[in-house]
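Below: one structure, written as structure tokens.
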Amino acid sequence: MSILEKLMGLFRSGPKEVDIGVYGAPNVGKTTLANRMARDWEAKEFGRVSRVPHETRKPVRREVEISIGSKSVRFNIVDTPGITTKVDYRKFLEYGLSVEEAKRRAKEATRGVVEAIKMLKKIQGALVVVDSTRDPYDQVNITLIGNLEANDVPFIVVANKIDLPEADPEAVRDAFSDYTVVPVSAKTGRNMNKLYEAMVREFAR
Amino acid sequence: MSGIKFEVMARSALERMSEDEVVEYVIRRAKEGSVVVFEGQLSPQVLTKIIEEAMKNVDLEEFKGVDIHVVPPKTAGGGIIKKIFGRKFDTGITVISPAGALKDLKKGEDYISLKLG
């Protein structure tokens with residue numbers, strides 16, 4: 001960073017750092033979204049993406065600075081483990097994991113959910129990632145959003161996977177009509193600019 | 001015929017319990033293999049505590065966690081959260097079962113149909 005850029009940074013508006021949790025059920029595309037943000041804003045990637053559920057089993061934190069027009073905000077984005085009400089190691093066997101690997105993954109996944117829930121009390125904002133190819137009336141989505149609202153934590157509902165033909169982002173909008181819903185494809189980058197605008201608008205007041 | 005036990009709790013019973021007592025009761029019953037049906041809804045904070053405690057209690061063979069199903073009260077307008085977590089928690093139905101205990105569950109506007117696994 002040049003001296004001029006550093007000086008410019010001193011005059012930029014917005015809070016210094018805002019902790020934003022990326023929340024949602026397993027395999028809705030949280031890490032894909034976090035990695036997309038990292039790539040778009042030249043930060044270090046968050047982690048590996050996998051079709052096996054519970055690939056992210058510990059919260060991963062990265063600093064991502066997002067600039068919209070003259071406004072620049074530094075976010076501490078925390079990619080959290082997928083929230084679920086149940087974990088069965090036998091499900092992982094279907095993906096070719098050994099019994100030992102599956103049991104270890106299941107145990108780590110349960111600890112990850114507990115850590116993710118504890119983090120709800122520490123964040124200043126949240127991206128609730130919803131798979132727009134699935135029924136949005138999922139108990140995890142509903143409980144998460146109810147909790148954030150009860151604690152006055154601002155959040156954006158991210159209707160992900162709109163690149164898939166079966167995606168129905170309007171169903172997500174209808175379900176969460178009282179909140180800001182941004183349909184995106186974290187995989188292709190479609191509509192990510194809308195999400196960045198919403199993040200700066202909602203989280204950096 | 002399945003041996004699964006159902007416990008149906010009136011709102012008045014729920015109101016006599018503290019949040020921690022509700023969480024402890026649900027987890028204890030789920031670990032015993034029972035399905036708990038509440039008249040009304042649990043707050044999002046209590047539901048979050050139930051998820052957290054369920055995860056802490058998962059063992060690899062017997063207890064896999066819980067399934068939570070809520071039928072929201074009938075209200076006009078508003079998104080699902082307003083319907084489910086409106087100011088009043090005394091309407092609607094909440095069913096919490098051991099994970100996988102219910103084979104099929106259908107939700108109507110004001111009823112839940114359960115089929116045991």
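Chains: A, B, ... in order of the structure tokens. Residues: from 1 per chain. Ligands: from 1, in order shown.
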
For chain B, report every residue with an atom at most 6 Å from chain A (counting only C-alpha atoms), formatted as a PDB file with N, CA, C and O atoms, in the first residue's frame.
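The resulting file, iface.pdb, is reproduced below:
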ATOM      1  N   PRO B  44     -37.019 -17.720  20.021  1.00  0.00           N
ATOM      2  CA  PRO B  44     -35.820 -18.073  19.248  1.00  0.00           C
ATOM      3  C   PRO B  44     -34.617 -18.343  20.138  1.00  0.00           C
ATOM      4  O   PRO B  44     -33.778 -19.190  19.822  1.00  0.00           O
ATOM      5  N   GLN B  45     -34.553 -17.634  21.287  1.00  0.00           N
ATOM      6  CA  GLN B  45     -33.413 -17.865  22.195  1.00  0.00           C
ATOM      7  C   GLN B  45     -33.459 -19.284  22.770  1.00  0.00           C
ATOM      8  O   GLN B  45     -32.434 -19.951  22.877  1.00  0.00           O
ATOM      9  N   ILE B  51     -30.786 -26.202  20.319  1.00  0.00           N
ATOM     10  CA  ILE B  51     -29.856 -26.680  19.275  1.00  0.00           C
ATOM     11  C   ILE B  51     -28.453 -26.845  19.876  1.00  0.00           C
ATOM     12  O   ILE B  51     -27.780 -27.856  19.663  1.00  0.00           O
ATOM     13  N   GLU B  52     -28.038 -25.849  20.653  1.00  0.00           N
ATOM     14  CA  GLU B  52     -26.691 -25.894  21.257  1.00  0.00           C
ATOM     15  C   GLU B  52     -26.557 -27.104  22.189  1.00  0.00           C
ATOM     16  O   GLU B  52     -25.580 -27.853  22.101  1.00  0.00           O
ATOM     17  N   MET B  55     -26.442 -30.411  20.326  1.00  0.00           N
ATOM     18  CA  MET B  55     -25.126 -30.679  19.740  1.00  0.00           C
ATOM     19  C   MET B  55     -24.114 -31.137  20.791  1.00  0.00           C
ATOM     20  O   MET B  55     -23.302 -32.020  20.550  1.00  0.00           O
ATOM     21  N   LYS B  64     -28.556 -38.530  18.058  1.00  0.00           N
ATOM     22  CA  LYS B  64     -28.042 -37.806  16.879  1.00  0.00           C
ATOM     23  C   LYS B  64     -28.494 -36.350  16.849  1.00  0.00           C
ATOM     24  O   LYS B  64     -28.198 -35.625  15.916  1.00  0.00           O
ATOM     25  N   GLY B  65     -29.251 -35.938  17.856  1.00  0.00           N
ATOM     26  CA  GLY B  65     -29.772 -34.568  17.866  1.00  0.00           C
ATOM     27  C   GLY B  65     -31.286 -34.579  17.813  1.00  0.00           C
ATOM     28  O   GLY B  65     -31.916 -35.575  18.177  1.00  0.00           O
ATOM     29  N   VAL B  66     -31.862 -33.475  17.364  1.00  0.00           N
ATOM     30  CA  VAL B  66     -33.329 -33.361  17.378  1.00  0.00           C
ATOM     31  C   VAL B  66     -33.852 -32.848  16.035  1.00  0.00           C
ATOM     32  O   VAL B  66     -33.112 -32.286  15.233  1.00  0.00           O
ATOM     33  N   GLY B  79     -43.978 -11.600   6.933  1.00  0.00           N
ATOM     34  CA  GLY B  79     -43.170 -12.755   6.563  1.00  0.00           C
ATOM     35  C   GLY B  79     -43.273 -13.840   7.617  1.00  0.00           C
ATOM     36  O   GLY B  79     -43.952 -13.689   8.641  1.00  0.00           O
ATOM     37  N   ILE B  80     -42.568 -14.925   7.369  1.00  0.00           N
ATOM     38  CA  ILE B  80     -42.672 -16.091   8.244  1.00  0.00           C
ATOM     39  C   ILE B  80     -42.180 -15.814   9.660  1.00  0.00           C
ATOM     40  O   ILE B  80     -42.725 -16.329  10.633  1.00  0.00           O
TER      41      ILE B  80
END

Residues of segment 135-184 of chain A that approach segment 190-198 of chain A to 10 Å or less, counting only C-alpha atoms: could you list each one with the shortest pair of atoms and its distance in Å to one decimal, rows by chain and increasing residue number, as JSON lines?
{"residue": "A:Phe155", "atom": "CA", "partner": "A:Ala198", "partner_atom": "CA", "distance": 9.8}
{"residue": "A:Ile156", "atom": "CA", "partner": "A:Ala198", "partner_atom": "CA", "distance": 7.7}
{"residue": "A:Val157", "atom": "CA", "partner": "A:Leu195", "partner_atom": "CA", "distance": 9.7}
{"residue": "A:Val158", "atom": "CA", "partner": "A:Leu195", "partner_atom": "CA", "distance": 7.9}
{"residue": "A:Asn160", "atom": "CA", "partner": "A:Arg190", "partner_atom": "CA", "distance": 9.8}
{"residue": "A:Lys161", "atom": "CA", "partner": "A:Arg190", "partner_atom": "CA", "distance": 9.5}
{"residue": "A:Ile162", "atom": "CA", "partner": "A:Arg190", "partner_atom": "CA", "distance": 8.2}
{"residue": "A:Asp163", "atom": "CA", "partner": "A:Arg190", "partner_atom": "CA", "distance": 7.9}
{"residue": "A:Thr180", "atom": "CA", "partner": "A:Ala198", "partner_atom": "CA", "distance": 8.1}
{"residue": "A:Val181", "atom": "CA", "partner": "A:Leu195", "partner_atom": "CA", "distance": 9.1}
{"residue": "A:Val182", "atom": "CA", "partner": "A:Leu195", "partner_atom": "CA", "distance": 6.1}
{"residue": "A:Pro183", "atom": "CA", "partner": "A:Asn191", "partner_atom": "CA", "distance": 6.9}
{"residue": "A:Val184", "atom": "CA", "partner": "A:Asn191", "partner_atom": "CA", "distance": 5.0}

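Nearest to Leu60 of chain B of all the residues A:Val153, A:Ala126, A:Met199, A:Glu108 is A:Glu108, counting only C-alpha atoms.
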
May I ask for the distance between atom CA of Thr32 of chain A and atom CA of Ile20 of chain A, given in Å to one decimal place?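 Interatomic distance here is 15.7 Å.
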
Length of the atom CA of Val36 of chain B to atom CA of Asp135 of chain A vector [Å]: 24.2 Å

Tell me, in Å to one decimal, how far atom CA of Glu62 of chain B is from atom CA of Lys31 of chain B.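 It comes out at 8.2 Å.
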
Rank B:Val22, B:Met17, B:Val71, B:Val35 by their smallest atom-to-atom distance to Leu47 of chain B, using only C-alpha atoms, and report the top residue only.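 Ranked by minimum distance to Leu47 of chain B, first place goes to B:Val22.
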
I'd like the contact shell of Val46 of chain B - 7 Å cut-off, only C-alpha atoms, skipping same-chain residues fewer than 3 positions apart - returned as number ranges by chain. B: 19, 23, 42-43, 49-50

File dump, residues just selected, N, CA and C atoms, as a CSV table (one decimal), in the first residue's frame:
chain,number,residue,atom,x,y,z
B,19,GLU,N,-36.5,-20.8,31.2
B,19,GLU,CA,-35.9,-21.2,29.8
B,19,GLU,C,-35.0,-22.4,30.0
B,23,VAL,N,-35.2,-26.2,28.2
B,23,VAL,CA,-34.1,-26.8,27.4
B,23,VAL,C,-33.8,-28.1,28.0
B,42,LEU,N,-41.8,-21.8,21.2
B,42,LEU,CA,-40.7,-21.4,22.0
B,42,LEU,C,-40.0,-20.2,21.4
B,43,SER,N,-39.4,-19.4,22.3
B,43,SER,CA,-38.7,-18.2,21.7
B,43,SER,C,-37.5,-18.6,20.9
B,49,LYS,N,-30.8,-22.4,22.2
B,49,LYS,CA,-30.2,-23.1,23.3
B,49,LYS,C,-30.5,-24.6,23.2
B,50,ILE,N,-31.7,-25.0,22.7
B,50,ILE,CA,-32.0,-26.4,22.5
B,50,ILE,C,-31.0,-27.0,21.4

Residues within 8 Å of Ala34 of chain A, only C-alpha atoms, excluding chain neighbours under 6 positions, as a ChimeraX atom specification: /A:22,45-46,77,79

All alpha helix (DSSP H) positions in chain A, as a ChimeraX atom specification: /A:3-10,30-40,89-93,99-119,139-150,169-175,192-203

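With only C-alpha atoms as the atoms that count, the residue of B:Asp110, B:Asp59, B:Glu53, B:Glu39 with the shortest distance to Met9 of chain B is B:Glu39.
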
Quick one: residues within 7 Å of segment 27-30 of chain B, only C-alpha atoms counted, chain neighbours fewer than 2 positions away excluded, as a PyMOL selection string? chain B and resi 23-25+32-35+54+66+97-98

Take the residues that were just selected and, keeping N, CA and C atoms, output them as a short mmCIF file (atom, residue, chain, number, x, y, z; two decimals), in the first residue's frame.
data_model
loop_
_atom_site.label_atom_id
_atom_site.label_comp_id
_atom_site.auth_asym_id
_atom_site.auth_seq_id
_atom_site.Cartn_x
_atom_site.Cartn_y
_atom_site.Cartn_z
N VAL B 23 -35.24 -26.19 28.20
CA VAL B 23 -34.15 -26.78 27.40
C VAL B 23 -33.76 -28.15 27.97
N GLU B 24 -33.61 -28.19 29.29
CA GLU B 24 -33.19 -29.43 29.95
C GLU B 24 -34.25 -30.53 29.76
N TYR B 25 -35.52 -30.12 29.87
CA TYR B 25 -36.64 -31.07 29.70
C TYR B 25 -36.66 -31.64 28.29
N GLU B 32 -34.27 -39.75 25.72
CA GLU B 32 -35.02 -40.95 26.11
C GLU B 32 -35.81 -41.52 24.93
N GLY B 33 -35.85 -40.76 23.83
CA GLY B 33 -36.58 -41.22 22.65
C GLY B 33 -38.00 -40.71 22.57
N SER B 34 -38.36 -39.73 23.40
CA SER B 34 -39.73 -39.21 23.41
C SER B 34 -39.89 -38.01 22.49
N VAL B 35 -41.12 -37.85 22.01
CA VAL B 35 -41.48 -36.69 21.19
C VAL B 35 -42.25 -35.73 22.10
N ALA B 54 -28.41 -29.80 22.21
CA ALA B 54 -28.53 -31.04 21.42
C ALA B 54 -27.16 -31.41 20.84
N VAL B 66 -31.86 -33.48 17.36
CA VAL B 66 -33.33 -33.36 17.38
C VAL B 66 -33.85 -32.85 16.04
N SER B 97 -38.59 -33.70 18.33
CA SER B 97 -38.44 -35.16 18.40
C SER B 97 -36.97 -35.55 18.29
N PRO B 98 -36.63 -36.75 18.73
CA PRO B 98 -35.27 -37.21 18.48
C PRO B 98 -35.04 -37.26 16.97
#
